[in-house]
$ cat data.cif   # mmCIF, C-alpha atoms
data_my_file
#
loop_
_atom_site.group_PDB
_atom_site.id
_atom_site.type_symbol
_atom_site.label_atom_id
_atom_site.label_comp_id
_atom_site.auth_asym_id
_atom_site.auth_seq_id
_atom_site.Cartn_x
_atom_site.Cartn_y
_atom_site.Cartn_z
ATOM 1 C CA MET A 1117 62.775 335.186 4.655
ATOM 2 C CA ILE A 1118 62.681 332.214 7.015
ATOM 3 C CA LYS A 1119 59.308 330.432 7.139
ATOM 4 C CA LEU A 1120 60.261 327.152 8.847
ATOM 5 C CA ILE A 1121 62.724 326.292 11.622
ATOM 6 C CA ALA A 1122 63.521 322.659 12.418
ATOM 7 C CA SER A 1123 65.496 321.454 15.401
ATOM 8 C CA ASP A 1124 66.887 318.128 16.469
ATOM 9 C CA LEU A 1125 66.133 317.297 20.100
ATOM 10 C CA ASP A 1126 68.718 315.249 22.011
ATOM 11 C CA GLY A 1127 72.065 317.009 22.051
ATOM 12 C CA THR A 1128 70.633 320.059 20.285
ATOM 13 C CA LEU A 1129 67.514 321.569 21.856
ATOM 14 C CA LEU A 1130 67.890 319.210 24.833
ATOM 15 C CA LEU A 1131 71.426 319.491 26.216
ATOM 16 C CA ASP A 1132 73.299 317.415 28.803
ATOM 17 C CA GLY A 1133 70.752 314.593 28.804
ATOM 18 C CA ALA A 1134 67.795 316.863 29.597
ATOM 19 C CA GLN A 1135 64.329 315.326 29.149
ATOM 20 C CA THR A 1136 62.333 318.554 29.425
ATOM 21 C CA LEU A 1137 62.381 321.628 27.205
ATOM 22 C CA PRO A 1138 64.562 324.584 28.215
ATOM 23 C CA GLU A 1139 62.662 327.335 29.981
ATOM 24 C CA GLY A 1140 61.124 329.733 27.501
ATOM 25 C CA THR A 1141 61.103 327.364 24.509
ATOM 26 C CA CYS A 1142 57.307 327.222 24.209
ATOM 27 C CA ASP A 1143 57.098 331.004 24.431
ATOM 28 C CA GLN A 1144 59.669 331.267 21.623
ATOM 29 C CA ILE A 1145 57.638 328.865 19.486
ATOM 30 C CA ARG A 1146 54.524 331.008 20.007
ATOM 31 C CA ARG A 1147 56.458 334.147 19.048
ATOM 32 C CA LEU A 1148 57.829 332.426 15.949
ATOM 33 C CA LYS A 1149 54.276 331.522 14.981
ATOM 34 C CA GLU A 1150 53.267 335.180 15.357
ATOM 35 C CA GLN A 1151 56.044 336.026 12.876
ATOM 36 C CA GLY A 1152 54.710 333.434 10.430
ATOM 37 C CA ILE A 1153 57.395 330.848 11.155
ATOM 38 C CA LEU A 1154 56.564 327.171 11.695
ATOM 39 C CA PHE A 1155 58.650 325.262 14.247
ATOM 40 C CA VAL A 1156 59.411 321.600 13.493
ATOM 41 C CA ALA A 1157 60.587 319.039 16.052
ATOM 42 C CA ALA A 1158 62.927 316.762 14.072
ATOM 43 C CA SER A 1159 63.948 313.752 16.098
ATOM 44 C CA GLY A 1160 64.551 310.048 16.294
ATOM 45 C CA ARG A 1161 61.848 310.004 18.969
ATOM 46 C CA GLN A 1162 58.283 308.757 18.531
ATOM 47 C CA TYR A 1163 55.346 311.082 17.841
ATOM 48 C CA ALA A 1164 53.619 310.456 21.183
ATOM 49 C CA ASN A 1165 56.816 311.291 23.050
ATOM 50 C CA LEU A 1166 57.287 314.531 21.118
ATOM 51 C CA ARG A 1167 53.699 315.659 21.688
ATOM 52 C CA ARG A 1168 54.143 315.165 25.441
ATOM 53 C CA LEU A 1169 57.435 317.036 25.375
ATOM 54 C CA PHE A 1170 55.901 320.005 23.513
ATOM 55 C CA ALA A 1171 52.493 319.728 25.225
ATOM 56 C CA PRO A 1172 51.787 323.484 25.644
ATOM 57 C CA VAL A 1173 52.366 324.079 21.904
ATOM 58 C CA ALA A 1174 51.742 320.559 20.603
ATOM 59 C CA ASP A 1175 49.172 321.690 18.027
ATOM 60 C CA ASP A 1176 51.250 324.661 16.858
ATOM 61 C CA ILE A 1177 54.246 322.749 15.467
ATOM 62 C CA ALA A 1178 55.055 320.035 12.924
ATOM 63 C CA TYR A 1179 56.876 316.782 13.635
ATOM 64 C CA ILE A 1180 59.550 314.781 11.850
ATOM 65 C CA CYS A 1181 59.587 311.578 13.887
ATOM 66 C CA GLU A 1182 61.701 308.416 13.969
ATOM 67 C CA ASN A 1183 64.567 310.120 12.072
ATOM 68 C CA GLY A 1184 62.374 310.895 9.092
ATOM 69 C CA CYS A 1185 60.198 307.790 8.830
ATOM 70 C CA ILE A 1186 57.015 309.619 9.863
ATOM 71 C CA VAL A 1187 55.916 313.243 9.332
ATOM 72 C CA PHE A 1188 52.963 314.897 11.106
ATOM 73 C CA TYR A 1189 51.386 318.275 10.463
ATOM 74 C CA LYS A 1190 48.291 319.588 12.248
ATOM 75 C CA GLY A 1191 47.647 316.175 13.776
ATOM 76 C CA LYS A 1192 47.697 314.432 10.400
ATOM 77 C CA MET A 1193 50.287 311.913 9.268
ATOM 78 C CA ILE A 1194 51.365 313.204 5.872
ATOM 79 C CA HIS A 1195 54.149 310.692 5.220
ATOM 80 C CA LYS A 1196 55.394 307.285 6.357
ATOM 81 C CA GLU A 1197 58.162 305.003 5.080
ATOM 82 C CA LEU A 1198 58.127 301.240 5.715
ATOM 83 C CA MET A 1199 60.878 298.633 5.858
ATOM 84 C CA ASP A 1200 60.334 295.175 4.372
ATOM 85 C CA ARG A 1201 59.571 292.621 7.069
ATOM 86 C CA GLU A 1202 62.222 290.094 6.056
ATOM 87 C CA THR A 1203 65.012 292.635 6.480
ATOM 88 C CA GLY A 1204 63.490 293.864 9.731
ATOM 89 C CA GLN A 1205 63.442 290.345 11.159
ATOM 90 C CA GLU A 1206 67.076 289.858 10.174
ATOM 91 C CA ILE A 1207 68.039 293.051 12.011
ATOM 92 C CA ILE A 1208 66.118 292.123 15.152
ATOM 93 C CA LYS A 1209 67.708 288.667 15.276
ATOM 94 C CA ALA A 1210 71.168 290.202 14.901
ATOM 95 C CA ILE A 1211 70.551 292.612 17.784
ATOM 96 C CA LEU A 1212 69.121 289.892 20.015
ATOM 97 C CA GLU A 1213 72.221 287.774 19.376
ATOM 98 C CA LYS A 1214 74.559 290.564 20.516
ATOM 99 C CA GLU A 1215 74.750 290.259 24.284
ATOM 100 C CA SER A 1216 75.387 293.926 25.069
ATOM 101 C CA ALA A 1217 72.777 295.275 22.636
ATOM 102 C CA GLU A 1218 69.104 296.038 23.230
ATOM 103 C CA VAL A 1219 66.530 296.336 20.456
ATOM 104 C CA LEU A 1220 63.811 298.976 20.126
ATOM 105 C CA LEU A 1221 61.222 298.386 17.421
ATOM 106 C CA SER A 1222 59.306 301.546 16.574
ATOM 107 C CA GLY A 1223 55.563 301.341 16.040
ATOM 108 C CA GLU A 1224 53.350 304.272 15.124
ATOM 109 C CA ASP A 1225 52.105 304.722 18.698
ATOM 110 C CA THR A 1226 54.458 302.633 20.818
ATOM 111 C CA SER A 1227 57.988 301.261 21.205
ATOM 112 C CA TYR A 1228 58.191 297.469 21.298
ATOM 113 C CA LEU A 1229 60.792 296.112 23.707
ATOM 114 C CA GLN A 1230 62.031 292.680 24.678
ATOM 115 C CA PRO A 1231 64.422 293.953 27.340
ATOM 116 C CA LYS A 1232 67.462 291.963 28.370
ATOM 117 C CA GLN A 1233 68.026 294.322 31.313
ATOM 118 C CA GLU A 1234 65.388 296.012 33.466
ATOM 119 C CA SER A 1235 67.441 299.212 33.230
ATOM 120 C CA PHE A 1236 66.693 299.459 29.496
ATOM 121 C CA LEU A 1237 62.939 299.322 30.103
ATOM 122 C CA TYR A 1238 63.301 301.927 32.855
ATOM 123 C CA ARG A 1239 65.264 304.257 30.574
ATOM 124 C CA ILE A 1240 62.797 304.125 27.676
ATOM 125 C CA ARG A 1241 59.592 304.161 29.725
ATOM 126 C CA ASP A 1242 60.497 306.321 32.730
ATOM 127 C CA VAL A 1243 63.377 308.553 31.600
ATOM 128 C CA VAL A 1244 62.771 309.094 27.868
ATOM 129 C CA LYS A 1245 59.009 308.641 28.517
ATOM 130 C CA ASN A 1246 58.098 306.732 25.361
ATOM 131 C CA ASN A 1247 54.883 304.804 24.981
ATOM 132 C CA VAL A 1248 56.196 301.277 25.589
ATOM 133 C CA THR A 1249 54.890 297.777 24.921
ATOM 134 C CA VAL A 1250 56.930 294.949 26.465
ATOM 135 C CA VAL A 1251 56.683 291.669 24.540
ATOM 136 C CA ASP A 1252 57.978 288.156 25.149
ATOM 137 C CA ASP A 1253 58.808 287.638 21.480
ATOM 138 C CA ILE A 1254 59.582 290.820 19.570
ATOM 139 C CA LEU A 1255 59.887 288.831 16.347
ATOM 140 C CA GLY A 1256 56.195 288.037 16.647
ATOM 141 C CA THR A 1257 55.126 291.700 16.623
ATOM 142 C CA GLN A 1258 52.625 292.172 13.805
ATOM 143 C CA GLU A 1259 52.891 295.934 13.220
ATOM 144 C CA SER A 1260 54.720 297.072 10.081
ATOM 145 C CA TYR A 1261 58.406 297.907 10.481
ATOM 146 C CA PHE A 1262 59.887 301.322 9.728
ATOM 147 C CA LYS A 1263 62.687 302.014 12.241
ATOM 148 C CA ILE A 1264 64.707 299.568 14.326
ATOM 149 C CA SER A 1265 67.219 300.849 16.871
ATOM 150 C CA VAL A 1266 70.228 299.397 18.646
ATOM 151 C CA TYR A 1267 70.950 300.593 22.180
ATOM 152 C CA GLU A 1268 74.353 300.056 23.804
ATOM 153 C CA LYS A 1269 74.496 301.527 27.306
ATOM 154 C CA ASP A 1270 78.311 301.764 27.150
ATOM 155 C CA GLY A 1271 78.214 303.496 23.769
ATOM 156 C CA ILE A 1272 77.895 302.448 20.132
ATOM 157 C CA GLY A 1273 81.565 303.195 19.470
ATOM 158 C CA ASP A 1274 83.195 301.064 16.784
ATOM 159 C CA THR A 1275 80.174 298.769 16.409
ATOM 160 C CA LYS A 1276 78.690 301.250 13.926
ATOM 161 C CA ALA A 1277 81.000 299.816 11.258
ATOM 162 C CA TYR A 1278 79.647 296.324 11.961
ATOM 163 C CA TRP A 1279 76.034 297.387 11.388
ATOM 164 C CA GLU A 1280 76.953 299.422 8.305
ATOM 165 C CA ASN A 1281 78.836 296.508 6.785
ATOM 166 C CA ARG A 1282 75.964 294.141 7.484
ATOM 167 C CA PHE A 1283 72.982 296.290 6.487
ATOM 168 C CA GLY A 1284 74.286 299.503 4.916
ATOM 169 C CA ASP A 1285 73.651 298.338 1.342
ATOM 170 C CA ARG A 1286 69.947 297.884 2.129
ATOM 171 C CA LEU A 1287 69.145 300.474 4.791
ATOM 172 C CA THR A 1288 69.962 303.912 6.140
ATOM 173 C CA VAL A 1289 72.239 303.333 9.147
ATOM 174 C CA VAL A 1290 73.002 306.313 11.417
ATOM 175 C CA THR A 1291 74.146 307.010 14.953
ATOM 176 C CA SER A 1292 71.636 308.997 16.969
ATOM 177 C CA GLY A 1293 73.592 309.833 20.089
ATOM 178 C CA ASN A 1294 76.380 308.045 21.934
ATOM 179 C CA GLU A 1295 74.307 304.982 22.846
ATOM 180 C CA TRP A 1296 71.976 304.728 19.842
ATOM 181 C CA LEU A 1297 72.170 303.510 16.265
ATOM 182 C CA ASP A 1298 69.083 303.636 14.037
ATOM 183 C CA MET A 1299 68.236 301.660 10.910
ATOM 184 C CA MET A 1300 65.519 302.911 8.561
ATOM 185 C CA PRO A 1301 64.356 302.215 4.992
ATOM 186 C CA PHE A 1302 67.023 303.082 2.443
ATOM 187 C CA SER A 1303 67.376 306.826 1.671
ATOM 188 C CA VAL A 1304 65.092 307.814 4.577
ATOM 189 C CA ASN A 1305 66.495 310.557 6.784
ATOM 190 C CA LYS A 1306 65.530 313.915 8.286
ATOM 191 C CA GLY A 1307 66.466 315.629 5.032
ATOM 192 C CA SER A 1308 64.100 313.507 2.949
ATOM 193 C CA ALA A 1309 61.376 314.186 5.523
ATOM 194 C CA MET A 1310 62.074 317.925 5.333
ATOM 195 C CA GLN A 1311 61.631 317.746 1.578
ATOM 196 C CA VAL A 1312 58.258 316.032 2.003
ATOM 197 C CA LEU A 1313 57.105 318.590 4.580
ATOM 198 C CA THR A 1314 58.289 321.686 2.710
ATOM 199 C CA GLU A 1315 56.762 320.526 -0.580
ATOM 200 C CA TYR A 1316 53.496 319.876 1.265
ATOM 201 C CA LEU A 1317 53.604 323.420 2.695
ATOM 202 C CA GLY A 1318 54.929 325.140 -0.412
ATOM 203 C CA ILE A 1319 58.099 326.346 1.332
ATOM 204 C CA ARG A 1320 61.490 326.514 -0.412
ATOM 205 C CA PRO A 1321 64.668 325.071 1.213
ATOM 206 C CA GLU A 1322 66.247 328.537 1.305
ATOM 207 C CA GLU A 1323 63.317 329.644 3.489
ATOM 208 C CA CYS A 1324 64.255 327.045 6.121
ATOM 209 C CA MET A 1325 66.583 326.987 9.118
ATOM 210 C CA ALA A 1326 67.740 323.875 10.988
ATOM 211 C CA PHE A 1327 69.759 322.970 14.087
ATOM 212 C CA GLY A 1328 71.630 319.706 14.680
ATOM 213 C CA ASP A 1329 74.542 318.040 16.422
ATOM 214 C CA ASN A 1330 74.854 314.476 15.163
ATOM 215 C CA TYR A 1331 75.222 312.423 11.984
ATOM 216 C CA ASN A 1332 71.495 311.718 11.754
ATOM 217 C CA ASP A 1333 71.055 315.475 11.202
ATOM 218 C CA VAL A 1334 73.413 315.772 8.211
ATOM 219 C CA GLU A 1335 70.864 315.570 5.379
ATOM 220 C CA MET A 1336 68.530 318.016 7.141
ATOM 221 C CA LEU A 1337 71.354 320.496 7.685
ATOM 222 C CA LYS A 1338 72.399 320.225 4.049
ATOM 223 C CA PHE A 1339 68.808 320.678 2.850
ATOM 224 C CA VAL A 1340 68.148 324.065 4.450
ATOM 225 C CA GLY A 1341 69.407 327.504 3.532
ATOM 226 C CA SER A 1342 70.440 328.407 7.119
ATOM 227 C CA SER A 1343 72.111 325.550 8.992
ATOM 228 C CA TYR A 1344 73.333 325.704 12.590
ATOM 229 C CA ALA A 1345 75.700 323.264 14.284
ATOM 230 C CA MET A 1346 75.806 323.112 18.053
ATOM 231 C CA ASP A 1347 79.107 324.022 19.666
ATOM 232 C CA THR A 1348 79.086 320.487 21.106
ATOM 233 C CA ALA A 1349 78.357 318.802 17.734
ATOM 234 C CA GLN A 1350 80.074 315.645 16.548
ATOM 235 C CA PRO A 1351 83.257 316.107 14.476
ATOM 236 C CA GLY A 1352 82.467 317.212 10.930
ATOM 237 C CA ILE A 1353 78.966 318.556 11.627
ATOM 238 C CA GLY A 1354 80.232 322.108 12.012
ATOM 239 C CA GLU A 1355 81.974 321.910 8.641
ATOM 240 C CA ILE A 1356 78.709 321.439 6.741
ATOM 241 C CA CYS A 1357 76.867 324.257 8.544
ATOM 242 C CA ARG A 1358 76.850 327.981 7.827
ATOM 243 C CA TYR A 1359 76.570 328.947 11.490
ATOM 244 C CA HIS A 1360 77.115 327.591 14.983
ATOM 245 C CA THR A 1361 75.518 328.293 18.370
ATOM 246 C CA ASP A 1362 75.778 327.302 22.011
ATOM 247 C CA THR A 1363 72.013 326.901 22.392
ATOM 248 C CA VAL A 1364 69.031 326.835 20.052
ATOM 249 C CA GLY A 1365 67.298 329.401 22.243
ATOM 250 C CA HIS A 1366 70.041 331.997 21.775
ATOM 251 C CA ALA A 1367 69.951 331.610 17.982
ATOM 252 C CA LEU A 1368 66.143 331.864 17.918
ATOM 253 C CA GLU A 1369 66.197 335.053 19.998
ATOM 254 C CA LYS A 1370 68.728 336.614 17.637
ATOM 255 C CA HIS A 1371 66.640 335.663 14.603
ATOM 256 C CA MET A 1372 63.432 337.056 16.092
ATOM 257 C CA ARG A 1373 65.146 340.339 17.006
ATOM 258 C CA GLU A 1374 66.425 340.664 13.450
ATOM 259 C CA ASN A 1375 62.918 339.940 12.134
ATOM 260 C CA SER A 1376 61.488 342.658 14.376
ATOM 261 C CA ARG A 1377 64.059 345.186 13.146
ATOM 262 C CA LYS A 1378 63.248 344.360 9.537
ATOM 263 C CA SER A 1379 59.543 344.794 10.283
ATOM 264 C CA TRP A 1380 60.237 348.177 11.904
ATOM 265 C CA LYS A 1381 62.208 349.374 8.872
ATOM 266 C CA LYS A 1382 59.464 348.218 6.518
ATOM 267 C CA HIS A 1383 56.563 349.574 8.573
ATOM 268 C CA PRO A 1384 58.051 352.088 11.087
ATOM 269 C CA SER A 1385 54.752 353.737 12.077
ATOM 270 C CA LYS A 1386 53.080 350.365 12.704
ATOM 271 C CA ALA A 1387 56.066 349.154 14.707
ATOM 272 C CA ARG A 1388 56.033 352.292 16.900
ATOM 273 C CA LEU A 1389 52.320 351.860 17.588
ATOM 274 C CA GLU A 1390 52.811 348.206 18.541
ATOM 275 C CA GLU A 1391 55.643 349.185 20.866
ATOM 276 C CA LYS A 1392 53.606 352.008 22.427
ATOM 277 C CA TYR A 1393 50.614 349.805 23.251
ATOM 278 C CA ALA A 1394 52.483 346.569 24.008
#

$ encode --input "data.cif" --output "structure tokens"
Amino acid sequence: MIKLIASDLDGTLLLDGAQTLPEGTCDQIRRLKEQGILFVAASGRQYANLRRLFAPVADDIAYICENGCIVFYKGKMIHKELMDRETGQEIIKAILEKESAEVLLSGEDTSYLQPKQESFLYRIRDVVKNNVTVVDDILGTQESYFKISVYEKDGIGDTKAYWENRFGDRLTVVTSGNEWLDMMPFSVNKGSAMQVLTEYLGIRPEECMAFGDNYNDVEMLKFVGSSYAMDTAQPGIGEICRYHTDTVGHALEKHMRENSRKSWKKHPSKARLEEKYA
């Protein structure tokens, strides 16, 4: 029996660059909760951004933020992973030196930017709708480091190999969409965060379902018993998943219908009464 359903956001729940939830998503989350299923937003995004996105049900779900660096449940941070400052400074300097690259330093409540182009600030603040703090010297930021991201407006492309060769022996390096590459403390990913959350809740991996489309979802998809790849997923993602779907909403509806049928078979008289007085 499924007790927890986790979904990536960009490219999975949010398709075609959407920055708002599909119609009906919050209602589905409420119905899942009625069936005893916890929904988890699992994203590279910050916590504040995710709470705004899921505002109508913000207190009804759990959050895996910053690609697994931070986990929230019922408004409480239950896990956080930090990167050593020396390595973080080395990464930031390398991004600043690359003319086409922008750096985003993740804080607990804000994204620190030292934008080279005004368009980058506009995208993060006004399109993605992150909490943003613009600084003159991002190397002077005093908050602890946990995730540092590279943004390339024309696409990460082959530069992933450069970052992996330079930092891959010390950090987790993953693409998080066509324009983004994220670097986190070594062995941190959405799968490790799922393990933390499920152990905290007393839920087994086989009681979990997850949806994803990109390489930063791999460990999460491998962790759960029921894994779904989007039809538009990156090459190879579909091969590690048991199922595939065109939208998260369609898969959730199918699962809830199956749950209702199982409930009817187990308690037919109760189910008929509920249907009669619905």

$ resolve_selection --input "data.cif" --expression "the PyMOL selection byres ((chain A and resi 1209) around 12)" --output "MDAnalysis selection string"
chainID A and resid 1202:1208 1210:1215 1217:1219 1221 1230 1253:1256 1264 1266

$ closest_residue --input "data.cif" --among "A:Pro1138, A:Pro1321, A:Gly1273, A:Gly1352" --to "A:Thr1291" --atoms "only C-alpha atoms"
A:Gly1273

$ resolve_selection --input "data.cif" --expression "the PyMOL selection byres ((chain A and resi 1141-1155) around 9)" --output "mmCIF file with C-alpha atoms, in the coordinates of the input"
data_model
loop_
_atom_site.group_PDB
_atom_site.id
_atom_site.type_symbol
_atom_site.label_atom_id
_atom_site.label_comp_id
_atom_site.auth_asym_id
_atom_site.auth_seq_id
_atom_site.Cartn_x
_atom_site.Cartn_y
_atom_site.Cartn_z
ATOM 1 C CA ILE A 1118 62.681 332.214 7.015
ATOM 2 C CA LYS A 1119 59.308 330.432 7.139
ATOM 3 C CA LEU A 1120 60.261 327.152 8.847
ATOM 4 C CA ILE A 1121 62.724 326.292 11.622
ATOM 5 C CA ALA A 1122 63.521 322.659 12.418
ATOM 6 C CA SER A 1123 65.496 321.454 15.401
ATOM 7 C CA LEU A 1137 62.381 321.628 27.205
ATOM 8 C CA PRO A 1138 64.562 324.584 28.215
ATOM 9 C CA GLU A 1139 62.662 327.335 29.981
ATOM 10 C CA GLY A 1140 61.124 329.733 27.501
ATOM 11 C CA VAL A 1156 59.411 321.600 13.493
ATOM 12 C CA ALA A 1157 60.587 319.039 16.052
ATOM 13 C CA PHE A 1170 55.901 320.005 23.513
ATOM 14 C CA ALA A 1171 52.493 319.728 25.225
ATOM 15 C CA PRO A 1172 51.787 323.484 25.644
ATOM 16 C CA VAL A 1173 52.366 324.079 21.904
ATOM 17 C CA ASP A 1176 51.250 324.661 16.858
ATOM 18 C CA ILE A 1177 54.246 322.749 15.467
ATOM 19 C CA ALA A 1178 55.055 320.035 12.924
ATOM 20 C CA TYR A 1179 56.876 316.782 13.635
ATOM 21 C CA GLY A 1365 67.298 329.401 22.243
ATOM 22 C CA LEU A 1368 66.143 331.864 17.918
ATOM 23 C CA GLU A 1369 66.197 335.053 19.998
ATOM 24 C CA MET A 1372 63.432 337.056 16.092
ATOM 25 C CA ASN A 1375 62.918 339.940 12.134
ATOM 26 C CA SER A 1376 61.488 342.658 14.376
#

$ resolve_selection --input "data.cif" --expression "the PyMOL selection byres ((chain A and resi 1334) around 12)" --output "PyMOL selection string"
chain A and resi 1124+1183+1290-1292+1305-1308+1310+1326-1333+1335-1340+1343-1345+1349-1357

$ closest_residue --input "data.cif" --among "A:Ile1272, A:Gly1160, A:Lys1192, A:Thr1348" --to "A:Asp1132" --atoms "only C-alpha atoms"
A:Thr1348

$ residues_near_point --input "data.cif" --point "(74.9, 327.7, 20.1)" --cutoff "8 Å" --atoms "all atoms listed in the file" --output "VMD selection string"
chain A and resid 1344 to 1347 1360 to 1364 1366 to 1367

$ write_last_selection --input "data.cif" --atoms "C-alpha atoms" --output "compact mmCIF listing (two decimals), keeping the file's coordinate frame"
# COMPACT_ATOMS: atom_id res chain seq x y z
CA TYR A 1344 73.33 325.70 12.59
CA ALA A 1345 75.70 323.26 14.28
CA MET A 1346 75.81 323.11 18.05
CA ASP A 1347 79.11 324.02 19.67
CA HIS A 1360 77.11 327.59 14.98
CA THR A 1361 75.52 328.29 18.37
CA ASP A 1362 75.78 327.30 22.01
CA THR A 1363 72.01 326.90 22.39
CA VAL A 1364 69.03 326.83 20.05
CA HIS A 1366 70.04 332.00 21.78
CA ALA A 1367 69.95 331.61 17.98

$ atom_distance --input "data.cif" --atom1 "atom CA of A:Phe1188" --atom2 "atom CA of A:Leu1125"
16.1 Å

$ atom_distance --input "data.cif" --atom1 "atom CA of A:Glu1315" --atom2 "atom CA of A:Leu1198"
20.3 Å

$ closest_residue --input "data.cif" --among "A:Gly1341, A:Gly1184, A:Gly1271, A:Pro1231" --to "A:Phe1302" --atoms "only C-alpha atoms"
A:Gly1184

$ atom_distance --input "data.cif" --atom1 "atom CA of A:Phe1262" --atom2 "atom CA of A:Met1199"
4.8 Å

$ closest_residue --input "data.cif" --among "A:Leu1220, A:Val1312, A:Val1187, A:Val1244" --to "A:Leu1130" --atoms "all atoms listed in the file"
A:Val1244

$ residues_around --input "data.cif" --residues "A:Arg1286" --least-positions-apart "2" --cutoff "10 Å" --atoms "only C-alpha atoms" --output "count of residues only"
13

$ residues_around --input "data.cif" --residues "A:Gln1162" --least-positions-apart "2" --cutoff "8 Å" --atoms "all atoms listed in the file" --output "PyMOL selection string"
chain A and resi 1159-1160+1164-1166+1181-1182+1222+1224-1227+1246

$ closest_residue --input "data.cif" --among "A:Tyr1278, A:Tyr1163, A:Tyr1267, A:Tyr1228" --to "A:Ser1216" --atoms "all atoms listed in the file"
A:Tyr1267

$ closest_residue --input "data.cif" --among "A:Gly1127, A:Gly1318, A:Gly1223, A:Gly1191" --to "A:Lys1263" --atoms "only C-alpha atoms"
A:Gly1223
